[in-house]
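S.K.: Okay, so here is work_35.csv, and as you'll see once you scroll down, it has CSV, C-alpha atoms.
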```
chain,number,residue,atom,x,y,z
P,19,ASN,CA,0.0,0.0,0.0
P,20,SER,CA,3.1,2.3,-0.1
P,21,GLY,CA,6.6,2.5,-1.3
P,22,THR,CA,7.6,2.5,2.4
P,23,ALA,CA,5.8,-0.8,2.9
P,24,ALA,CA,7.6,-2.3,-0.1
P,25,LEU,CA,11.0,-1.2,1.3
P,26,HIS,CA,10.1,-2.7,4.7
P,27,VAL,CA,9.2,-6.0,3.2
P,28,ALA,CA,12.4,-5.9,1.1
P,29,VAL,CA,14.5,-5.4,4.3
P,30,ARG,CA,12.6,-8.2,6.0
P,31,LEU,CA,13.4,-10.6,3.1
P,32,LEU,CA,17.1,-10.0,3.6
P,33,GLU,CA,17.0,-12.2,6.8
P,34,LEU,CA,19.8,-10.2,8.4
P,35,GLU,CA,20.6,-10.7,12.1
P,36,SER,CA,19.5,-7.9,14.4
P,37,GLY,CA,22.3,-5.3,14.6
P,38,SER,CA,23.6,-6.0,11.1
P,39,GLU,CA,24.7,-3.0,9.1
P,40,VAL,CA,23.2,-1.7,5.9
P,41,ILE,CA,25.3,0.8,3.9
P,42,THR,CA,23.0,3.4,2.5
P,43,THR,CA,22.6,6.9,1.1
P,44,PRO,CA,21.9,10.0,3.2
P,45,ILE,CA,20.3,11.9,0.3
P,46,THR,CA,16.8,10.4,0.1
P,47,PHE,CA,13.4,10.6,1.7
P,48,VAL,CA,13.7,9.4,5.3
P,49,ALA,CA,11.5,6.3,4.6
P,50,THR,CA,14.4,4.7,2.8
P,51,ASN,CA,16.4,4.5,6.0
P,52,GLN,CA,13.6,4.1,8.5
P,53,ALA,CA,12.8,0.8,6.7
P,54,ILE,CA,16.3,-0.4,7.9
P,55,LEU,CA,15.5,0.6,11.5
P,56,TYR,CA,12.1,-1.3,11.4
P,57,GLU,CA,14.1,-4.5,11.4
P,58,GLN,CA,16.5,-3.5,14.1
P,59,LEU,CA,19.3,-3.1,11.6
P,60,VAL,CA,21.9,-0.2,11.6
P,61,PRO,CA,22.0,2.3,8.7
P,62,VAL,CA,25.6,3.2,7.8
P,63,PHE,CA,25.7,6.3,5.7
P,64,ALA,CA,28.1,6.5,2.7
P,65,ASP,CA,28.8,9.8,0.9
P,66,ILE,CA,27.4,10.7,-2.4
P,67,GLU,CA,28.5,11.6,-5.9
P,68,PRO,CA,28.4,15.4,-6.0
P,69,GLY,CA,27.5,15.3,-9.7
P,70,THR,CA,24.4,13.1,-9.5
P,71,GLY,CA,23.2,13.0,-5.9
P,72,ASN,CA,23.4,9.2,-6.0
P,73,VAL,CA,25.4,7.2,-3.4
P,74,CYS,CA,29.1,6.9,-4.1
P,75,VAL,CA,30.2,3.3,-4.6
P,76,GLU,CA,33.8,4.0,-3.5
P,77,SER,CA,32.4,5.5,-0.3
P,78,MET,CA,30.2,2.5,0.2
P,79,LYS,CA,33.3,0.2,-0.2
P,80,SER,CA,35.1,2.1,2.6
P,81,LYS,CA,32.2,1.5,5.0
P,82,ILE,CA,32.1,-2.3,4.7
P,83,THR,CA,32.9,-4.2,7.9
P,84,ASP,CA,32.3,-7.7,9.1
P,85,ARG,CA,28.9,-6.6,10.3
P,86,THR,CA,27.8,-5.4,6.9
P,87,GLY,CA,24.9,-7.4,5.4
P,88,ALA,CA,23.5,-5.3,2.5
P,89,LEU,CA,23.8,-2.2,0.3
P,90,MET,CA,20.8,0.1,-0.1
P,91,VAL,CA,20.8,2.5,-3.1
P,92,MET,CA,18.3,5.1,-4.3
P,93,HIS,CA,18.1,6.4,-7.9
P,94,TYR,CA,18.0,10.1,-7.2
P,95,GLY,CA,15.5,12.0,-9.2
P,96,GLY,CA,15.0,8.9,-11.4
P,97,TYR,CA,18.7,8.9,-12.6
P,98,SER,CA,20.1,5.4,-12.0
P,99,CYS,CA,23.0,4.6,-9.8
P,100,ASP,CA,26.0,2.9,-11.3
P,101,LEU,CA,24.4,-0.5,-10.9
P,102,ASP,CA,27.3,-2.4,-12.5
P,103,ALA,CA,29.6,-1.0,-9.8
P,104,VAL,CA,27.0,-1.6,-7.0
P,105,TYR,CA,26.4,-5.2,-7.9
P,106,ALA,CA,30.1,-5.9,-8.4
P,107,LEU,CA,30.9,-4.5,-4.9
P,108,ALA,CA,28.1,-6.6,-3.5
P,109,ALA,CA,29.3,-9.8,-5.2
P,110,GLN,CA,32.9,-9.2,-4.0
P,111,HIS,CA,31.8,-9.0,-0.4
P,112,GLY,CA,28.8,-11.4,-0.4
P,113,LEU,CA,26.3,-8.6,0.3
P,114,GLN,CA,22.7,-8.3,-0.7
P,115,VAL,CA,21.2,-5.2,-2.6
P,116,ILE,CA,18.0,-3.3,-2.2
P,117,GLU,CA,17.2,-0.5,-4.8
P,118,ASP,CA,14.9,2.2,-3.7
P,119,CYS,CA,13.2,3.0,-7.0
P,120,ALA,CA,10.6,5.5,-5.7
P,121,HIS,CA,11.8,8.0,-8.3
P,122,ALA,CA,12.6,5.6,-11.1
P,123,ALA,CA,9.4,4.3,-12.7
P,124,GLY,CA,10.4,4.0,-16.4
P,125,SER,CA,14.1,4.7,-15.9
P,126,SER,CA,16.8,2.5,-17.4
P,127,TYR,CA,20.4,1.6,-17.0
P,128,LYS,CA,22.5,0.5,-20.0
P,129,GLY,CA,19.3,-0.5,-21.8
P,130,ARG,CA,17.7,-2.4,-18.9
P,131,ARG,CA,14.7,-1.1,-17.1
P,132,ILE,CA,15.2,-0.3,-13.4
P,133,GLY,CA,13.6,-3.2,-11.6
P,134,SER,CA,15.2,-5.9,-13.8
P,135,HIS,CA,18.5,-6.3,-11.9
P,136,ALA,CA,19.5,-9.0,-9.5
P,137,GLY,CA,18.5,-7.5,-6.1
P,138,LEU,CA,15.2,-6.4,-4.5
P,139,GLN,CA,13.6,-3.3,-6.0
P,140,ALA,CA,10.9,-1.2,-4.2
P,141,PHE,CA,8.8,1.3,-6.2
P,142,SER,CA,6.3,4.0,-5.0
P,143,PHE,CA,3.0,5.0,-6.6
P,144,GLN,CA,2.4,7.9,-4.2
P,145,ALA,CA,0.4,10.9,-5.6
P,146,THR,CA,3.5,12.9,-6.9
P,147,LYS,CA,5.2,9.9,-8.5
P,148,ASN,CA,5.6,9.4,-12.2
P,149,LEU,CA,3.2,6.4,-12.0
P,150,SER,CA,0.6,7.4,-9.5
P,151,ALA,CA,-2.1,5.2,-7.8
P,152,ILE,CA,-2.8,8.0,-5.3
P,153,ASP,CA,-0.7,5.8,-3.0
P,154,GLY,CA,0.7,2.3,-3.3
P,155,GLY,CA,3.9,0.4,-3.8
P,156,LEU,CA,5.5,-2.5,-5.7
P,157,LEU,CA,8.2,-4.9,-4.8
P,158,PHE,CA,10.3,-7.0,-7.3
P,159,THR,CA,11.8,-10.1,-5.7
P,160,ARG,CA,14.6,-12.5,-6.6
P,161,SER,CA,12.6,-15.7,-6.7
P,162,GLU,CA,9.1,-17.2,-6.6
P,163,GLU,CA,9.7,-18.2,-3.0
P,164,GLU,CA,10.5,-14.6,-2.0
P,165,ALA,CA,7.4,-13.4,-3.9
P,166,ALA,CA,5.2,-15.8,-2.0
P,167,ARG,CA,6.7,-14.8,1.3
P,168,ALA,CA,6.3,-11.1,0.4
P,169,LYS,CA,2.6,-11.7,-0.3
P,170,ARG,CA,2.2,-13.3,3.1
P,171,LEU,CA,4.1,-10.4,4.9
P,172,ARG,CA,1.9,-7.8,3.2
P,173,TRP,CA,-1.3,-9.5,4.5
P,174,MET,CA,-0.8,-10.3,8.1
P,175,GLY,CA,1.3,-13.3,7.5
P,176,ILE,CA,-1.7,-15.3,6.2
P,177,ASP,CA,-0.7,-18.1,4.0
P,178,SER,CA,-3.6,-18.1,1.5
P,179,SER,CA,-5.6,-15.3,-0.1
P,180,THR,CA,-9.4,-15.0,0.3
P,181,HIS,CA,-9.7,-15.6,-3.4
P,182,SER,CA,-7.9,-18.9,-3.3
P,183,ARG,CA,-9.9,-20.1,-0.3
P,184,THR,CA,-13.2,-19.3,-1.9
P,185,THR,CA,-12.3,-20.7,-5.4
P,186,GLN,CA,-10.1,-23.6,-4.5
P,187,PHE,CA,-11.2,-24.7,-1.1
P,188,GLY,CA,-14.9,-24.5,-1.2
P,189,GLY,CA,-15.2,-21.2,0.7
P,190,SER,CA,-13.2,-22.3,3.8
P,191,ASN,CA,-12.2,-19.6,6.2
P,192,GLN,CA,-9.3,-21.7,7.5
P,193,TYR,CA,-5.8,-20.4,7.0
P,194,GLY,CA,-2.4,-20.5,8.6
P,195,VAL,CA,-0.4,-17.6,10.0
P,196,SER,CA,3.3,-18.7,10.2
P,197,GLU,CA,4.9,-15.4,10.9
P,198,LEU,CA,4.2,-11.8,11.9
P,199,GLY,CA,2.9,-9.9,9.0
P,200,TYR,CA,1.4,-6.4,8.2
P,201,ARG,CA,-1.6,-4.8,6.7
P,202,TYR,CA,0.4,-3.6,3.7
P,203,ALA,CA,-1.8,-4.8,0.8
P,204,MET,CA,-2.8,-2.3,-1.8
P,205,SER,CA,-6.5,-1.7,-2.2
P,206,ASP,CA,-8.3,-2.8,-5.4
P,207,LEU,CA,-9.2,0.9,-6.1
P,208,ASN,CA,-5.5,1.9,-5.9
P,209,ALA,CA,-4.5,-1.0,-8.1
P,210,ALA,CA,-7.1,-0.1,-10.7
P,211,ILE,CA,-5.8,3.5,-10.8
P,212,ALA,CA,-2.2,2.2,-11.2
P,213,LEU,CA,-3.2,-0.2,-14.0
P,214,ALA,CA,-5.0,2.7,-15.8
P,215,GLN,CA,-2.0,4.9,-15.5
P,216,LEU,CA,0.6,2.4,-16.6
P,217,PRO,CA,0.0,2.7,-20.4
P,218,HIS,CA,0.7,6.5,-20.1
P,219,LEU,CA,4.0,6.2,-18.1
P,220,ASP,CA,6.4,6.4,-21.0
P,221,ALA,CA,4.5,9.3,-22.6
P,222,GLY,CA,4.5,11.1,-19.3
P,223,ASN,CA,8.2,10.5,-18.8
P,224,ALA,CA,8.9,11.8,-22.3
P,225,ARG,CA,7.1,15.1,-21.4
P,226,ARG,CA,9.2,15.3,-18.3
P,227,ALA,CA,12.3,14.7,-20.4
P,228,THR,CA,11.2,17.6,-22.7
P,229,ILE,CA,10.9,19.9,-19.7
P,230,ALA,CA,14.2,18.8,-18.3
P,231,ALA,CA,15.9,19.4,-21.7
P,232,ARG,CA,14.5,22.9,-21.8
P,233,TYR,CA,15.7,23.7,-18.3
P,234,THR,CA,19.1,22.3,-19.2
P,235,ARG,CA,19.5,24.4,-22.3
P,236,ALA,CA,18.5,27.5,-20.4
P,237,PHE,CA,20.7,27.1,-17.3
P,238,SER,CA,23.8,25.5,-18.8
P,239,CYS,CA,25.3,28.9,-19.5
P,240,LEU,CA,24.6,30.3,-16.0
P,241,ASN,CA,27.8,30.5,-13.9
P,242,SER,CA,25.9,30.7,-10.7
P,243,ILE,CA,23.9,27.5,-11.3
P,244,ARG,CA,25.4,24.0,-11.5
P,245,LEU,CA,23.4,21.2,-13.2
P,246,LEU,CA,23.7,17.5,-12.3
P,247,ASP,CA,25.6,15.1,-14.5
P,248,HIS,CA,23.7,12.7,-16.7
P,249,SER,CA,25.5,10.2,-18.9
P,250,ASP,CA,24.1,8.7,-22.1
P,251,ASP,CA,24.1,5.1,-20.8
P,252,ARG,CA,21.1,5.9,-18.6
P,253,ILE,CA,17.6,7.1,-19.2
P,254,SER,CA,16.1,9.1,-16.3
P,255,SER,CA,12.4,9.3,-15.4
P,256,HIS,CA,13.1,12.9,-14.5
P,257,HIS,CA,11.1,12.6,-11.4
P,258,LEU,CA,13.1,15.6,-10.1
P,259,PHE,CA,15.0,18.4,-11.7
P,260,ALA,CA,17.7,19.6,-9.4
P,261,ILE,CA,20.0,22.5,-9.6
P,262,LEU,CA,22.9,23.4,-7.3
P,263,SER,CA,23.6,26.9,-6.1
P,264,THR,CA,25.7,28.4,-3.3
P,265,HIS,CA,22.9,31.0,-3.0
P,266,ARG,CA,20.1,28.3,-2.9
P,267,ASP,CA,18.0,30.0,-0.3
P,268,GLU,CA,18.0,33.3,-2.1
P,269,VAL,CA,17.1,31.7,-5.4
P,270,ALA,CA,14.2,29.8,-3.6
P,271,ALA,CA,13.0,33.1,-2.1
P,272,ALA,CA,13.1,34.9,-5.4
P,273,LEU,CA,11.1,32.1,-7.1
P,274,ARG,CA,8.6,32.0,-4.2
P,275,ALA,CA,8.0,35.8,-4.6
P,276,ARG,CA,6.9,35.0,-8.2
P,277,GLY,CA,4.6,32.2,-7.1
P,278,ILE,CA,6.9,29.4,-8.0
P,279,VAL,CA,7.3,26.6,-5.4
P,280,THR,CA,10.6,24.8,-5.2
P,281,GLY,CA,12.0,22.0,-3.0
P,282,THR,CA,15.2,20.9,-1.3
P,283,HIS,CA,15.4,17.2,-1.9
P,284,TYR,CA,16.9,16.2,0.5
P,285,PRO,CA,18.3,17.2,3.9
P,286,ARG,CA,21.0,14.8,5.0
P,287,ASN,CA,19.2,11.9,6.7
P,288,ASP,CA,22.1,11.3,9.1
P,289,ARG,CA,21.3,14.8,10.6
P,290,TYR,CA,18.0,13.5,12.0
P,291,ALA,CA,18.1,12.5,15.7
P,292,ILE,CA,17.1,8.9,15.0
P,293,PHE,CA,20.2,8.2,13.0
P,294,GLN,CA,24.0,8.4,13.7
P,295,THR,CA,25.8,11.3,12.2
P,296,ALA,CA,28.6,10.6,9.8
P,297,GLU,CA,31.4,12.6,8.1
P,298,LEU,CA,29.9,13.2,4.6
P,299,PRO,CA,31.4,16.3,3.0
P,300,GLN,CA,29.8,15.8,-0.4
P,301,ALA,CA,26.3,15.1,1.1
P,302,GLU,CA,26.7,18.2,3.2
P,303,ARG,CA,27.5,20.4,0.3
P,304,PHE,CA,24.7,18.9,-1.8
P,305,SER,CA,22.0,19.2,0.8
P,306,ARG,CA,23.0,22.9,1.4
P,307,GLN,CA,23.0,23.8,-2.3
P,308,VAL,CA,20.3,21.6,-3.9
P,309,LEU,CA,17.1,23.2,-5.2
P,310,THR,CA,14.4,21.2,-7.1
P,311,LEU,CA,12.4,23.0,-9.7
P,312,PRO,CA,8.8,22.3,-10.8
P,313,ILE,CA,8.7,19.3,-13.2
P,314,HIS,CA,5.4,17.5,-13.6
P,315,LEU,CA,2.7,16.9,-16.1
P,316,GLY,CA,0.6,19.8,-15.0
P,317,LEU,CA,3.1,22.3,-16.4
P,318,ILE,CA,2.4,23.9,-19.8
P,319,ASP,CA,5.2,25.4,-21.9
P,320,ALA,CA,4.4,28.9,-20.6
P,321,ASP,CA,4.9,27.7,-17.0
P,322,VAL,CA,8.3,26.2,-17.9
P,323,GLU,CA,9.3,29.5,-19.5
P,324,ARG,CA,8.2,31.4,-16.3
P,325,VAL,CA,10.4,29.2,-14.2
P,326,ILE,CA,13.3,29.8,-16.6
P,327,ASP,CA,12.8,33.5,-16.6
P,328,ALA,CA,12.7,33.7,-12.8
P,329,VAL,CA,15.9,31.6,-12.3
P,330,THR,CA,17.7,33.5,-15.1
P,331,GLU,CA,16.7,36.8,-13.7
P,332,PHE,CA,18.1,36.0,-10.3
P,333,ALA,CA,21.3,34.6,-11.8
```
What is this file in structure tokens?
M.R.:
Amino acid sequence: NSGTAALHVAVRLLELESGSEVITTPITFVATNQAILYEQLVPVFADIEPGTGNVCVESMKSKITDRTGALMVMHYGGYSCDLDAVYALAAQHGLQVIEDCAHAAGSSYKGRRIGSHAGLQAFSFQATKNLSAIDGGLLFTRSEEEAARAKRLRWMGIDSSTHSRTTQFGGSNQYGVSELGYRYAMSDLNAAIALAQLPHLDAGNARRATIAARYTRAFSCLNSIRLLDHSDDRISSHHLFAILSTHRDEVAAALRARGIVTGTHYPRNDRYAIFQTAELPQAERFSRQVLTLPIHLGLIDADVERVIDAVTEFA
């Protein structure tokens, strides 16, 4: 019923001992790392790539200890992490991988859709996401056995669905509960909305790409603004469009004065009281400078030009 629920079930499927460490990113929505805490595991924060906002694989490598059990990555703004490097590091040290794909519906890495790699992938269908079901989530598992267990976990640990009991077992209300589960199942209404939206995902992402390209052309010549780095081997869903500025707060105020709402995705998670603070210079710089501009399907071309004019005028 949410991307957070999908992440929690993914962490449960890792079967790590309490107190094990999961190396993760500090630049993400806090749900990514709260899902680690749900299972009494320890988030260990790596630094990020300053050009993408994604977690830095070399920094992850430096954080590995004999207590490390998994790597958690998030595809920032819909731009994929370097998955070849992530999975190579995981294989080298016998670690499991979870991908937080909340931003990445329709994204791809080297010709493969996000969600098709070897780990566990959790997606979000929350109202602002590229594929919206008003709210909801999706989990890709590594085997049929994991999928069956995930289905139990999302529905109170019950080992058979109401549908199967009524169609296969003559309407019996008897079922087993073999482990603690949760009320995480998506409603039929949300599922119907997601299915109706799915055929429009690629067209919606193409429109987002058009907006992102227009912003990129307009801002690439501004010395006061830094754009994120995107390589040709990845296709972003463009869930976010982020710029970096040493005068971020002033830019945000100038845009707000013109009726343009911006965001700061994201504050460093390790600065929250529930986590342990780390030494992360790139994440600190990024979180102080990042500003996310409007990019959604409600924007018409005139809206995009208004954002461009406001940013350019300040710069």
S.K.: If you measure from atom CA of P:Thr70 to atom CA of P:His265, what distance in Å do you get, rounded to one decimal?
M.R.: 19.1 Å
S.K.: Would you list the residues near (8.4, -8.6, -2.0), meaning any protein, DNA or RNA residue with an atom at most 12 Å from that point in file coordinates, counting all atoms listed in the file, as a PyMOL selection string?
M.R.: chain P and resi 21-32+116+137-141+155-173+202-203
S.K.: Looking at all atoms listed in the file, which of P:Thr264, P:Ser238, P:Asn287, P:Ser38 is the one that sits closest to P:Asp84?
M.R.: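 Checking each candidate against P:Asp84, we get P:Ser38 as the closest.
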S.K.: Could you pull the residues within 12 Å of P:Ala224, counting all atoms listed in the file, minus those fewer than 6 positions along the same chain, as a PDB file with C-alpha atoms, in the frame of the given file?
M.R.:
```pdb
ATOM      1  CA  GLY P 124      10.400   4.000 -16.400  1.00  0.00           C
ATOM      2  CA  SER P 125      14.100   4.700 -15.900  1.00  0.00           C
ATOM      3  CA  ASN P 148       5.600   9.400 -12.200  1.00  0.00           C
ATOM      4  CA  HIS P 218       0.700   6.500 -20.100  1.00  0.00           C
ATOM      5  CA  ALA P 230      14.200  18.800 -18.300  1.00  0.00           C
ATOM      6  CA  ALA P 231      15.900  19.400 -21.700  1.00  0.00           C
ATOM      7  CA  ILE P 253      17.600   7.100 -19.200  1.00  0.00           C
ATOM      8  CA  SER P 254      16.100   9.100 -16.300  1.00  0.00           C
ATOM      9  CA  SER P 255      12.400   9.300 -15.400  1.00  0.00           C
ATOM     10  CA  HIS P 256      13.100  12.900 -14.500  1.00  0.00           C
ATOM     11  CA  HIS P 257      11.100  12.600 -11.400  1.00  0.00           C
ATOM     12  CA  ILE P 313       8.700  19.300 -13.200  1.00  0.00           C
ATOM     13  CA  HIS P 314       5.400  17.500 -13.600  1.00  0.00           C
ATOM     14  CA  LEU P 315       2.700  16.900 -16.100  1.00  0.00           C
TER      15      LEU P 315
END
```
S.K.: List as a list in words the protein and nucleic acid residues near P:Arg286, meaning an atom at most 7 Å away when all atoms listed in the file are counted, but skip any in the same chain fewer than 3 places from it.
M.R.: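 The residues that qualify are Pro44, Ile45, Arg289, Ala301, Glu302 and Ser305 of chain P.
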S.K.: Grab the atom CA of P:Ala275 to atom CA of P:Arg324 distance for me, in Å with one decimal place.
M.R.: 12.5 Å
S.K.: Please identify all polymer residues within 9 Å of P:Ala296, counting only C-alpha atoms, omitting same-chain residues fewer than 4 positions from it, and present them as a list in words.
M.R.: Val62, Phe63, Ala64, Asp65, Asp288 and Arg289 of chain P
S.K.: Contacts of P:Arg130 at 12 Å or less, counting all atoms listed in the file, minus same-chain residues fewer than 3 places along, as a PyMOL selection string?
M.R.: chain P and resi 98+101-102+124-127+133-136+251-254
